[in-house]
$ cat query_39.cif   # mmCIF, C-alpha atoms (C1' of nucleotides)
data_run
loop_
_atom_site.label_atom_id
_atom_site.label_comp_id
_atom_site.auth_asym_id
_atom_site.auth_seq_id
_atom_site.Cartn_x
_atom_site.Cartn_y
_atom_site.Cartn_z
CA MET V 1 -3.47 -0.20 -9.29
CA MET V 2 -0.05 -1.31 -10.51
CA GLU V 3 1.37 2.04 -9.67
CA LEU V 4 5.04 2.73 -9.57
CA THR V 5 6.10 3.99 -6.15
CA ARG V 6 7.93 7.23 -5.55
CA LYS V 7 11.05 5.24 -5.06
CA GLY V 8 10.71 3.76 -8.51
CA GLU V 9 9.99 7.11 -10.04
CA TYR V 10 12.95 8.71 -8.31
CA ALA V 11 15.15 5.84 -9.37
CA ILE V 12 14.29 6.38 -13.01
CA ARG V 13 14.70 10.14 -12.83
CA GLY V 14 18.06 9.81 -11.12
CA ILE V 15 19.65 7.30 -13.40
CA VAL V 16 18.23 8.89 -16.54
CA PHE V 17 19.80 12.15 -15.50
CA LEU V 18 23.09 10.37 -14.96
CA ALA V 19 22.80 8.97 -18.47
CA THR V 20 22.52 12.45 -19.91
CA GLN V 21 25.83 13.46 -18.40
CA PRO V 22 29.16 12.87 -20.15
CA ALA V 23 30.19 9.25 -19.64
CA ASP V 24 33.46 10.07 -17.96
CA GLN V 25 32.03 12.63 -15.59
CA ILE V 26 31.67 11.61 -11.97
CA CYS V 27 28.44 13.10 -10.68
CA LEU V 28 27.82 14.13 -7.13
CA LEU V 29 24.74 12.69 -5.49
CA SER V 30 23.86 16.16 -4.29
CA ASP V 31 23.92 17.45 -7.85
CA ILE V 32 21.77 14.61 -9.14
CA ALA V 33 19.30 15.01 -6.31
CA SER V 34 18.82 18.69 -6.86
CA ALA V 35 18.68 18.29 -10.64
CA VAL V 36 15.87 15.76 -10.51
CA ASP V 37 14.23 17.22 -7.42
CA VAL V 38 14.47 14.26 -5.05
CA PRO V 39 15.49 14.27 -1.37
CA GLN V 40 19.19 13.52 -1.36
CA THR V 41 19.11 11.05 1.52
CA PHE V 42 16.38 9.09 -0.18
CA LEU V 43 18.17 9.08 -3.49
CA ALA V 44 21.27 7.86 -1.69
CA LYS V 45 19.47 4.65 -0.75
CA ILE V 46 18.36 4.16 -4.29
CA PHE V 47 21.82 4.63 -5.73
CA GLN V 48 23.22 2.23 -3.17
CA GLN V 49 20.91 -0.40 -4.60
CA PHE V 50 22.01 0.49 -8.10
CA SER V 51 25.61 0.24 -7.05
CA LYS V 52 25.22 -3.22 -5.56
CA ILE V 53 24.05 -4.72 -8.82
CA GLY V 54 26.44 -2.73 -10.96
CA LEU V 55 23.97 -0.39 -12.60
CA VAL V 56 26.13 2.46 -11.40
CA ARG V 57 29.67 2.67 -10.10
CA SER V 58 30.40 4.72 -7.03
CA TYR V 59 33.52 6.53 -5.89
CA ARG V 60 34.00 7.74 -2.36
CA GLY V 61 35.91 10.64 -0.92
CA THR V 62 36.86 13.93 -2.47
CA GLY V 63 36.09 13.97 -6.16
CA GLY V 64 33.83 10.98 -5.63
CA GLY V 65 30.35 10.43 -6.96
CA PHE V 66 28.56 8.20 -9.43
CA VAL V 67 28.90 7.13 -13.04
CA LEU V 68 26.88 4.62 -15.03
CA GLY V 69 28.08 1.06 -14.63
CA ARG V 70 27.49 0.29 -18.30
CA PRO V 71 26.83 2.29 -21.45
CA PRO V 72 23.26 3.69 -21.49
CA GLU V 73 22.16 1.38 -24.31
CA LYS V 74 23.03 -1.62 -22.16
CA ILE V 75 20.84 -0.63 -19.22
CA THR V 76 17.16 -1.42 -19.53
CA LEU V 77 14.24 0.24 -17.83
CA LEU V 78 13.29 -3.15 -16.43
CA GLU V 79 16.60 -3.42 -14.62
CA VAL V 80 16.22 0.03 -13.14
CA VAL V 81 12.68 -0.55 -11.95
CA GLU V 82 13.26 -4.03 -10.59
CA ALA V 83 16.44 -2.90 -8.86
CA VAL V 84 14.38 -0.84 -6.45
CA GLU V 85 10.91 -2.33 -6.63
CA GLY V 86 11.73 -5.99 -6.85
CA THR V 87 10.59 -8.38 -9.54
CA ILE V 88 7.38 -7.44 -11.28
CA THR V 89 4.72 -9.86 -10.10
CA PRO V 90 1.12 -8.84 -10.76
CA ASN V 91 -0.16 -11.54 -8.44
CA ARG V 92 1.52 -13.43 -5.62
CA CYS V 93 0.76 -16.81 -7.14
CA VAL V 94 2.93 -15.91 -10.12
CA THR V 95 5.95 -16.28 -7.92
CA GLY V 96 5.24 -19.97 -7.99
CA GLU V 97 6.00 -20.56 -4.33
CA GLY V 98 2.77 -22.45 -3.83
CA VAL V 99 1.35 -19.32 -2.26
CA CYS V 100 -1.66 -19.89 -4.46
CA ASP V 101 -3.01 -23.01 -2.77
CA ARG V 102 -5.74 -23.18 -5.36
CA SER V 103 -3.29 -22.96 -8.26
CA GLY V 104 -4.47 -26.29 -9.63
CA ALA V 105 -7.99 -25.09 -10.25
CA CYS V 106 -6.96 -21.49 -10.83
CA ASN V 107 -7.75 -20.25 -14.32
CA VAL V 108 -6.62 -16.76 -13.40
CA HIS V 109 -3.04 -17.85 -12.91
CA PRO V 110 -2.03 -17.97 -16.59
CA VAL V 111 -3.46 -14.51 -17.10
CA TRP V 112 -1.10 -13.04 -14.54
CA VAL V 113 1.79 -14.89 -16.06
CA SER V 114 0.87 -13.33 -19.37
CA VAL V 115 0.63 -9.85 -17.84
CA GLN V 116 3.99 -10.27 -16.19
CA ASP V 117 5.62 -11.40 -19.42
CA GLN V 118 4.16 -8.55 -21.43
CA VAL V 119 5.13 -5.86 -18.98
CA ARG V 120 8.64 -7.16 -18.52
CA GLY V 121 8.91 -7.49 -22.26
CA ILE V 122 8.06 -3.86 -22.81
CA LEU V 123 10.40 -2.60 -20.12
CA THR V 124 13.27 -4.75 -21.38
CA LYS V 125 13.12 -3.12 -24.77
CA VAL V 126 13.57 0.37 -23.41
CA THR V 127 17.08 1.47 -22.55
CA LEU V 128 18.56 4.49 -20.85
CA LYS V 129 19.82 5.62 -24.22
CA GLU V 130 16.32 6.31 -25.45
CA LEU V 131 15.13 7.61 -22.14
CA ALA V 132 17.97 10.08 -21.96
CA GLY V 133 17.23 11.18 -25.49
CA LEU V 134 20.62 10.12 -26.85
CA MET X 1 5.84 -4.44 -7.83
CA MET X 2 2.50 -4.14 -9.59
CA GLU X 3 0.96 -6.58 -7.18
CA LEU X 4 -2.72 -7.14 -6.93
CA THR X 5 -3.97 -6.41 -3.42
CA ARG X 6 -5.91 -8.86 -1.30
CA LYS X 7 -9.00 -6.92 -2.10
CA GLY X 8 -8.46 -7.50 -5.79
CA GLU X 9 -7.74 -11.14 -5.26
CA TYR X 10 -10.83 -11.61 -3.11
CA ALA X 11 -12.92 -9.74 -5.63
CA ILE X 12 -11.91 -12.14 -8.37
CA ARG X 13 -12.42 -15.20 -6.23
CA GLY X 14 -15.83 -14.04 -5.13
CA ILE X 15 -17.26 -13.13 -8.48
CA VAL X 16 -15.76 -16.14 -10.22
CA PHE X 17 -17.47 -18.34 -7.66
CA LEU X 18 -20.72 -16.55 -8.33
CA ALA X 19 -20.24 -17.25 -12.02
CA THR X 20 -19.99 -20.96 -11.36
CA GLN X 21 -23.42 -20.97 -9.71
CA PRO X 22 -26.66 -21.40 -11.65
CA ALA X 23 -27.60 -18.07 -13.22
CA ASP X 24 -30.97 -17.82 -11.53
CA GLN X 25 -29.74 -18.73 -8.09
CA ILE X 26 -29.49 -15.93 -5.56
CA CYS X 27 -26.36 -16.55 -3.53
CA LEU X 28 -25.92 -15.54 0.07
CA LEU X 29 -22.88 -13.46 0.82
CA SER X 30 -22.12 -15.76 3.74
CA ASP X 31 -22.07 -18.74 1.41
CA ILE X 32 -19.79 -17.04 -1.09
CA ALA X 33 -17.46 -15.87 1.64
CA SER X 34 -17.04 -19.29 3.16
CA ALA X 35 -16.74 -20.94 -0.25
CA VAL X 36 -13.86 -18.73 -1.34
CA ASP X 37 -12.39 -18.31 2.12
CA VAL X 38 -12.63 -14.55 2.53
CA PRO X 39 -13.82 -12.62 5.60
CA GLN X 40 -17.50 -11.96 5.05
CA THR X 41 -17.47 -8.33 6.15
CA PHE X 42 -14.63 -7.57 3.80
CA LEU X 43 -16.26 -9.34 0.91
CA ALA X 44 -19.40 -7.35 1.63
CA LYS X 45 -17.56 -4.13 0.82
CA ILE X 46 -16.27 -5.60 -2.39
CA PHE X 47 -19.68 -6.75 -3.53
CA GLN X 48 -21.11 -3.35 -2.71
CA GLN X 49 -18.67 -1.91 -5.22
CA PHE X 50 -19.65 -4.53 -7.75
CA SER X 51 -23.27 -3.74 -7.18
CA LYS X 52 -22.84 -0.03 -7.74
CA ILE X 53 -21.52 -0.52 -11.25
CA GLY X 54 -23.87 -3.33 -12.11
CA LEU X 55 -21.39 -6.18 -12.13
CA VAL X 56 -23.68 -7.95 -9.71
CA ARG X 57 -27.27 -7.39 -8.69
CA SER X 58 -28.17 -7.47 -5.03
CA TYR X 59 -31.41 -8.31 -3.29
CA ARG X 60 -32.05 -7.33 0.28
CA GLY X 61 -34.16 -8.86 2.96
CA THR X 62 -35.13 -12.45 3.53
CA GLY X 63 -34.28 -14.58 0.53
CA GLY X 64 -31.90 -11.88 -0.64
CA GLY X 65 -28.37 -12.24 -1.92
CA PHE X 66 -26.39 -11.74 -5.11
CA VAL X 67 -26.54 -12.76 -8.73
CA LEU X 68 -24.33 -11.73 -11.65
CA GLY X 69 -25.46 -8.51 -13.27
CA ARG X 70 -24.67 -9.82 -16.74
CA PRO X 71 -23.92 -13.20 -18.31
CA PRO X 72 -20.39 -14.41 -17.42
CA GLU X 73 -19.11 -13.98 -20.97
CA LYS X 74 -20.02 -10.28 -20.80
CA ILE X 75 -17.99 -9.54 -17.69
CA THR X 76 -14.27 -9.04 -18.17
CA LEU X 77 -11.46 -9.51 -15.70
CA LEU X 78 -10.52 -5.89 -16.28
CA GLU X 79 -13.89 -4.71 -15.05
CA VAL X 80 -13.65 -6.83 -11.96
CA VAL X 81 -10.16 -5.69 -11.08
CA GLU X 82 -10.73 -2.03 -11.82
CA ALA X 83 -14.01 -2.08 -9.90
CA VAL X 84 -12.11 -2.52 -6.67
CA GLU X 85 -8.59 -1.34 -7.45
CA GLY X 86 -9.35 1.63 -9.62
CA THR X 87 -8.04 2.21 -13.10
CA ILE X 88 -4.79 0.51 -13.91
CA THR X 89 -2.14 3.22 -14.07
CA PRO X 90 1.47 2.06 -13.91
CA ASN X 91 2.64 5.62 -13.35
CA ARG X 92 0.82 8.65 -12.04
CA CYS X 93 1.66 10.74 -15.07
CA VAL X 94 -0.35 8.36 -17.24
CA THR X 95 -3.47 9.82 -15.71
CA GLY X 96 -2.69 12.90 -17.70
CA GLU X 97 -3.66 15.33 -14.98
CA GLY X 98 -0.46 17.26 -15.36
CA VAL X 99 0.83 15.47 -12.30
CA CYS X 100 3.95 14.83 -14.33
CA ASP X 101 5.25 18.36 -14.50
CA ARG X 102 8.10 17.19 -16.67
CA SER X 103 5.80 15.40 -19.11
CA GLY X 104 7.05 17.48 -21.98
CA ALA X 105 10.58 16.25 -21.71
CA CYS X 106 9.59 12.88 -20.33
CA ASN X 107 10.54 9.98 -22.57
CA VAL X 108 9.35 7.49 -20.00
CA HIS X 109 5.77 8.59 -20.33
CA PRO X 110 4.96 6.71 -23.56
CA VAL X 111 6.39 3.55 -22.07
CA TRP X 112 3.89 3.62 -19.23
CA VAL X 113 1.09 4.31 -21.64
CA SER X 114 2.17 1.25 -23.56
CA VAL X 115 2.29 -0.85 -20.41
CA GLN X 116 -1.13 0.33 -19.41
CA ASP X 117 -2.59 -0.47 -22.81
CA GLN X 118 -1.06 -3.93 -22.92
CA VAL X 119 -2.20 -4.91 -19.45
CA ARG X 120 -5.69 -3.61 -19.95
CA GLY X 121 -5.79 -5.32 -23.31
CA ILE X 122 -4.97 -8.67 -21.78
CA LEU X 123 -7.47 -8.32 -18.96
CA THR X 124 -10.24 -7.21 -21.31
CA LYS X 125 -9.95 -10.39 -23.30
CA VAL X 126 -10.55 -12.61 -20.29
CA THR X 127 -14.14 -13.09 -19.17
CA LEU X 128 -15.76 -14.73 -16.20
CA LYS X 129 -16.90 -17.50 -18.49
CA GLU X 130 -13.35 -18.74 -19.00
CA LEU X 131 -12.34 -18.06 -15.43
CA ALA X 132 -15.27 -20.04 -14.10
CA GLY X 133 -14.40 -22.88 -16.47
CA LEU X 134 -17.69 -22.68 -18.34
"C1'" DA L 1 -47.93 -4.85 12.01
"C1'" DC L 2 -44.15 -7.72 13.60
"C1'" DT L 3 -40.16 -10.29 13.15
"C1'" DA L 4 -36.23 -12.20 11.17
"C1'" DA L 5 -33.19 -12.24 7.22
"C1'" DA L 6 -29.97 -10.05 4.44
"C1'" DC L 7 -27.53 -6.23 2.20
"C1'" DA L 8 -25.85 -0.91 2.72
"C1'" DG L 9 -23.04 2.37 4.72
"C1'" DG L 10 -20.17 4.68 7.95
"C1'" DA L 11 -16.94 4.76 11.74
"C1'" DC L 12 -13.36 2.61 13.73
"C1'" DA L 13 -8.85 -0.37 14.60
"C1'" DT L 14 -4.67 -2.52 13.43
"C1'" DA L 15 -0.81 -3.79 10.70
"C1'" DA L 16 2.16 -3.21 6.96
"C1'" DA L 17 4.32 -0.62 3.47
"C1'" DT L 18 5.98 3.79 1.93
"C1'" DA L 19 8.65 7.74 2.30
"C1'" DG L 20 11.59 9.72 4.32
"C1'" DT L 21 15.44 11.53 8.20
"C1'" DC L 22 19.52 11.21 11.12
"C1'" DT L 23 23.77 9.50 12.72
"C1'" DT L 24 27.85 6.97 12.39
"C1'" DT L 25 31.22 4.58 9.68
"C1'" DT L 26 34.27 3.77 5.86
"C1'" DA L 27 37.03 5.03 2.00
"C1'" DG L 28 39.49 8.29 -0.47
"C1'" DT L 29 41.85 13.04 -1.47
"C1'" DC L 30 44.80 16.87 -0.39
"C1'" DG Y 1 45.43 14.98 9.95
"C1'" DA Y 2 41.60 17.34 7.99
"C1'" DC Y 3 38.23 17.23 4.76
"C1'" DT Y 4 34.99 15.06 1.38
"C1'" DA Y 5 31.62 11.93 -0.17
"C1'" DA Y 6 29.33 7.56 -0.31
"C1'" DA Y 7 27.77 3.26 2.74
"C1'" DA Y 8 25.08 1.51 6.21
"C1'" DG Y 9 21.97 1.14 9.85
"C1'" DA Y 10 18.61 2.96 13.12
"C1'" DC Y 11 14.85 5.64 13.58
"C1'" DT Y 12 10.34 8.28 12.54
"C1'" DA Y 13 6.16 9.76 10.21
"C1'" DT Y 14 2.66 9.13 6.92
"C1'" DT Y 15 -0.19 6.55 4.09
"C1'" DT Y 16 -2.33 2.42 2.47
"C1'" DA Y 17 -4.09 -2.07 3.18
"C1'" DT Y 18 -6.89 -5.06 5.68
"C1'" DG Y 19 -10.16 -5.76 8.24
"C1'" DT Y 20 -14.05 -5.21 12.22
"C1'" DC Y 21 -18.18 -3.35 14.26
"C1'" DC Y 22 -22.40 -1.10 14.65
"C1'" DT Y 23 -26.49 0.88 12.94
"C1'" DG Y 24 -29.72 1.41 9.37
"C1'" DT Y 25 -32.76 -0.15 5.49
"C1'" DT Y 26 -35.15 -3.31 2.69
"C1'" DT Y 27 -37.88 -7.44 2.07
"C1'" DA Y 28 -40.39 -11.94 3.00
"C1'" DG Y 29 -43.19 -14.44 5.64
"C1'" DT Y 30 -46.52 -14.96 9.45
#

$ encode --input "query_39.cif" --output "structure tokens"
Amino acid sequence: MMELTRKGEYAIRGIVFLATQPADQICLLSDIASAVDVPQTFLAKIFQQFSKIGLVRSYRGTGGGFVLGRPPEKITLLEVVEAVEGTITPNRCVTGEGVCDRSGACNVHPVWVSVQDQVRGILTKVTLKELAGL
Amino acid sequence: MMELTRKGEYAIRGIVFLATQPADQICLLSDIASAVDVPQTFLAKIFQQFSKIGLVRSYRGTGGGFVLGRPPEKITLLEVVEAVEGTITPNRCVTGEGVCDRSGACNVHPVWVSVQDQVRGILTKVTLKELAGL
DNA sequence: ACTAAACAGGACATAAATAGTCTTTTAGTC
DNA sequence: GACTAAAAGACTATTTATGTCCTGTTTAGT
């Protein structure tokens, strides 16, 4: 339960690798993919998601590739994970959309809120700087 | 991400309902299922899993049904969830089976261990007694 | 013993999510 | 214009989730 998907794992591997590279070096997707052992086409999708929210910056054409969108210490693990997996919600009713029709009488609800807060708290405190060993 | 499945949700609903019933009363699966609004056949599977690890006790035949295997304050939410969802492992490499071939160089690893510990810690502290409002 | 009640267990069915692949388009370089 | 590399969308395959159904086994009551 609560397992990270492959996508999430690949996302972390990819962007952590990027963080280990010199900041001004534009990295090819193909290089990243082979370095972290992830199918290139799949990693492409992941990096597109990163690009949309500014986690990475992309350059097209000859000499193109990817660089980090911000310094490694300003990118948290939470951002990386949620970029591809969506917001961390241990239980649907945590989303608060009235999905939990029994939310009034539901004593479990606050527990999930607590779990969500704790997990997000942990992941917010970890940045790419640490993960890349910088 | 990290969402509880229906099975997990049903499991909680079912056993919490059982905890609200008088301790000596043998409850019919059909009654529990309709009370918590879960397909009976599906709930049957869930309660079979509960039964195997002693979370509930089952009685077959006429007059049969289910009762809690232990007093509500001795059954934790963690046990209930892990009974049907398996051990909480945010990342495969946490299982320690060498699945994470890069575990040596992996700085992410300790983060998942921390997440796992925190989540399990929270869920261990919640018992059926509280959840059932007793 | 017979019957009906109730859980146990396995096989099966369907739908959704995951994990990709492939092709075309767009943007940029030489 | 030719080439390079990411963007974007359509498509496919596999796995997991979510159940259903049927048969068996246990037990109570007559």

$ atom_distance --input "query_39.cif" --atom1 "atom CA of V:Ala132" --atom2 "atom CA of V:Lys7"
18.9 Å

$ interface_residues --input "query_39.cif" --of "chain L" --to "chain V" --cutoff "7 Å" --atoms "all atoms listed in the file" --output "PyMOL selection string"
chain L and resi 20+27-29

$ resolve_selection --input "query_39.cif" --expression "the PyMOL selection byres ((chain V) within 12 of (chain Y))" --output "compact mmCIF listing (two decimals) with C-alpha atoms, in the coordinates of the input"
# COMPACT_ATOMS: atom_id res chain seq x y z
CA ILE V 26 31.67 11.61 -11.97
CA CYS V 27 28.44 13.10 -10.68
CA LEU V 28 27.82 14.13 -7.13
CA LEU V 29 24.74 12.69 -5.49
CA SER V 30 23.86 16.16 -4.29
CA GLN V 40 19.19 13.52 -1.36
CA THR V 41 19.11 11.05 1.52
CA LEU V 43 18.17 9.08 -3.49
CA ALA V 44 21.27 7.86 -1.69
CA LYS V 45 19.47 4.65 -0.75
CA ILE V 46 18.36 4.16 -4.29
CA PHE V 47 21.82 4.63 -5.73
CA GLN V 48 23.22 2.23 -3.17
CA GLN V 49 20.91 -0.40 -4.60
CA SER V 51 25.61 0.24 -7.05
CA LYS V 52 25.22 -3.22 -5.56
CA ARG V 57 29.67 2.67 -10.10
CA SER V 58 30.40 4.72 -7.03
CA TYR V 59 33.52 6.53 -5.89
CA ARG V 60 34.00 7.74 -2.36
CA GLY V 61 35.91 10.64 -0.92
CA THR V 62 36.86 13.93 -2.47
CA GLY V 63 36.09 13.97 -6.16
CA GLY V 64 33.83 10.98 -5.63
CA GLY V 65 30.35 10.43 -6.96
CA PHE V 66 28.56 8.20 -9.43

$ closest_residue --input "query_39.cif" --among "V:Thr127, V:Gly121, V:Thr20, V:Glu85" --to "chain X" --atoms "all atoms listed in the file"
V:Glu85

$ resolve_selection --input "query_39.cif" --expression "the PyMOL selection byres ((chain V) within 7 of (chain X))" --output "ChimeraX atom specification"
/V:1-4,85-91,107-108,115,119,122,131

$ residues_around --input "query_39.cif" --residues "V:Ala35" --least-positions-apart "4" --cutoff "9 Å" --atoms "all atoms listed in the file" --output "PyMOL selection string"
chain V and resi 14+17+30-31

$ write_last_selection --input "query_39.cif" --atoms "C-alpha atoms" --output "mmCIF file, in the coordinates of the input"
data_model
loop_
_atom_site.group_PDB
_atom_site.id
_atom_site.type_symbol
_atom_site.label_atom_id
_atom_site.label_comp_id
_atom_site.auth_asym_id
_atom_site.auth_seq_id
_atom_site.Cartn_x
_atom_site.Cartn_y
_atom_site.Cartn_z
ATOM 1 C CA GLY V 14 18.060 9.810 -11.120
ATOM 2 C CA PHE V 17 19.800 12.150 -15.500
ATOM 3 C CA SER V 30 23.860 16.160 -4.290
ATOM 4 C CA ASP V 31 23.920 17.450 -7.850
#

$ atom_distance --input "query_39.cif" --atom1 "atom C1' of L:DT14" --atom2 "atom CA of X:Asp37"
20.9 Å

$ build_atoms --input "query_39.cif" --residues "stretch 35-61 of chain X" --atoms "N, CA and C atoms" --output "PDB file, keeping the file's coordinate frame"
ATOM      1  N   ALA X  35     -17.181 -20.122   0.882  1.00  0.00           N
ATOM      2  CA  ALA X  35     -16.740 -20.940  -0.250  1.00  0.00           C
ATOM      3  C   ALA X  35     -15.360 -20.506  -0.755  1.00  0.00           C
ATOM      4  N   VAL X  36     -15.129 -19.201  -0.779  1.00  0.00           N
ATOM      5  CA  VAL X  36     -13.860 -18.730  -1.340  1.00  0.00           C
ATOM      6  C   VAL X  36     -12.871 -18.319  -0.253  1.00  0.00           C
ATOM      7  N   ASP X  37     -13.279 -18.532   0.979  1.00  0.00           N
ATOM      8  CA  ASP X  37     -12.390 -18.310   2.120  1.00  0.00           C
ATOM      9  C   ASP X  37     -11.925 -16.863   2.263  1.00  0.00           C
ATOM     10  N   VAL X  38     -12.890 -15.989   2.379  1.00  0.00           N
ATOM     11  CA  VAL X  38     -12.630 -14.550   2.530  1.00  0.00           C
ATOM     12  C   VAL X  38     -13.522 -14.056   3.677  1.00  0.00           C
ATOM     13  N   PRO X  39     -13.004 -13.163   4.522  1.00  0.00           N
ATOM     14  CA  PRO X  39     -13.820 -12.620   5.600  1.00  0.00           C
ATOM     15  C   PRO X  39     -15.109 -11.997   5.040  1.00  0.00           C
ATOM     16  N   GLN X  40     -16.219 -12.384   5.601  1.00  0.00           N
ATOM     17  CA  GLN X  40     -17.500 -11.960   5.050  1.00  0.00           C
ATOM     18  C   GLN X  40     -17.675 -10.441   5.022  1.00  0.00           C
ATOM     19  N   THR X  41     -17.271  -9.778   6.099  1.00  0.00           N
ATOM     20  CA  THR X  41     -17.470  -8.330   6.150  1.00  0.00           C
ATOM     21  C   THR X  41     -16.648  -7.610   5.077  1.00  0.00           C
ATOM     22  N   PHE X  42     -15.486  -8.170   4.816  1.00  0.00           N
ATOM     23  CA  PHE X  42     -14.630  -7.570   3.800  1.00  0.00           C
ATOM     24  C   PHE X  42     -15.214  -7.809   2.413  1.00  0.00           C
ATOM     25  N   LEU X  43     -15.663  -9.020   2.202  1.00  0.00           N
ATOM     26  CA  LEU X  43     -16.260  -9.340   0.910  1.00  0.00           C
ATOM     27  C   LEU X  43     -17.515  -8.502   0.668  1.00  0.00           C
ATOM     28  N   ALA X  44     -18.195  -8.175   1.750  1.00  0.00           N
ATOM     29  CA  ALA X  44     -19.400  -7.350   1.630  1.00  0.00           C
ATOM     30  C   ALA X  44     -19.072  -6.013   0.966  1.00  0.00           C
ATOM     31  N   LYS X  45     -17.983  -5.409   1.419  1.00  0.00           N
ATOM     32  CA  LYS X  45     -17.560  -4.130   0.820  1.00  0.00           C
ATOM     33  C   LYS X  45     -17.300  -4.277  -0.663  1.00  0.00           C
ATOM     34  N   ILE X  46     -16.627  -5.347  -0.998  1.00  0.00           N
ATOM     35  CA  ILE X  46     -16.270  -5.600  -2.390  1.00  0.00           C
ATOM     36  C   ILE X  46     -17.519  -5.753  -3.260  1.00  0.00           C
ATOM     37  N   PHE X  47     -18.458  -6.531  -2.753  1.00  0.00           N
ATOM     38  CA  PHE X  47     -19.680  -6.750  -3.530  1.00  0.00           C
ATOM     39  C   PHE X  47     -20.544  -5.496  -3.606  1.00  0.00           C
ATOM     40  N   GLN X  48     -20.412  -4.642  -2.611  1.00  0.00           N
ATOM     41  CA  GLN X  48     -21.110  -3.350  -2.710  1.00  0.00           C
ATOM     42  C   GLN X  48     -20.578  -2.565  -3.892  1.00  0.00           C
ATOM     43  N   GLN X  49     -19.271  -2.615  -4.074  1.00  0.00           N
ATOM     44  CA  GLN X  49     -18.670  -1.910  -5.220  1.00  0.00           C
ATOM     45  C   GLN X  49     -19.120  -2.537  -6.533  1.00  0.00           C
ATOM     46  N   PHE X  50     -19.163  -3.838  -6.556  1.00  0.00           N
ATOM     47  CA  PHE X  50     -19.650  -4.530  -7.750  1.00  0.00           C
ATOM     48  C   PHE X  50     -21.075  -4.088  -8.076  1.00  0.00           C
ATOM     49  N   SER X  51     -21.857  -4.058  -7.024  1.00  0.00           N
ATOM     50  CA  SER X  51     -23.270  -3.740  -7.180  1.00  0.00           C
ATOM     51  C   SER X  51     -23.492  -2.347  -7.764  1.00  0.00           C
ATOM     52  N   LYS X  52     -22.687  -1.418  -7.283  1.00  0.00           N
ATOM     53  CA  LYS X  52     -22.840  -0.030  -7.740  1.00  0.00           C
ATOM     54  C   LYS X  52     -22.670   0.130  -9.240  1.00  0.00           C
ATOM     55  N   ILE X  53     -21.762  -0.649  -9.814  1.00  0.00           N
ATOM     56  CA  ILE X  53     -21.520  -0.520 -11.250  1.00  0.00           C
ATOM     57  C   ILE X  53     -22.206  -1.615 -12.052  1.00  0.00           C
ATOM     58  N   GLY X  54     -23.054  -2.371 -11.382  1.00  0.00           N
ATOM     59  CA  GLY X  54     -23.870  -3.330 -12.110  1.00  0.00           C
ATOM     60  C   GLY X  54     -23.224  -4.660 -12.436  1.00  0.00           C
ATOM     61  N   LEU X  55     -22.041  -4.897 -11.892  1.00  0.00           N
ATOM     62  CA  LEU X  55     -21.390  -6.180 -12.130  1.00  0.00           C
ATOM     63  C   LEU X  55     -22.184  -7.309 -11.476  1.00  0.00           C
ATOM     64  N   VAL X  56     -22.767  -6.996 -10.338  1.00  0.00           N
ATOM     65  CA  VAL X  56     -23.680  -7.950  -9.710  1.00  0.00           C
ATOM     66  C   VAL X  56     -24.979  -7.206  -9.380  1.00  0.00           C
ATOM     67  N   ARG X  57     -26.013  -7.979  -9.130  1.00  0.00           N
ATOM     68  CA  ARG X  57     -27.270  -7.390  -8.690  1.00  0.00           C
ATOM     69  C   ARG X  57     -27.524  -7.920  -7.283  1.00  0.00           C
ATOM     70  N   SER X  58     -27.940  -7.021  -6.409  1.00  0.00           N
ATOM     71  CA  SER X  58     -28.170  -7.470  -5.030  1.00  0.00           C
ATOM     72  C   SER X  58     -29.641  -7.406  -4.670  1.00  0.00           C
ATOM     73  N   TYR X  59     -30.044  -8.293  -3.809  1.00  0.00           N
ATOM     74  CA  TYR X  59     -31.410  -8.310  -3.290  1.00  0.00           C
ATOM     75  C   TYR X  59     -31.344  -8.317  -1.773  1.00  0.00           C
ATOM     76  N   ARG X  60     -32.100  -7.409  -1.176  1.00  0.00           N
ATOM     77  CA  ARG X  60     -32.050  -7.330   0.280  1.00  0.00           C
ATOM     78  C   ARG X  60     -33.185  -8.124   0.907  1.00  0.00           C
ATOM     79  N   GLY X  61     -33.099  -8.202   2.209  1.00  0.00           N
ATOM     80  CA  GLY X  61     -34.160  -8.860   2.960  1.00  0.00           C
ATOM     81  C   GLY X  61     -34.097 -10.376   2.887  1.00  0.00           C
TER      82      GLY X  61
END
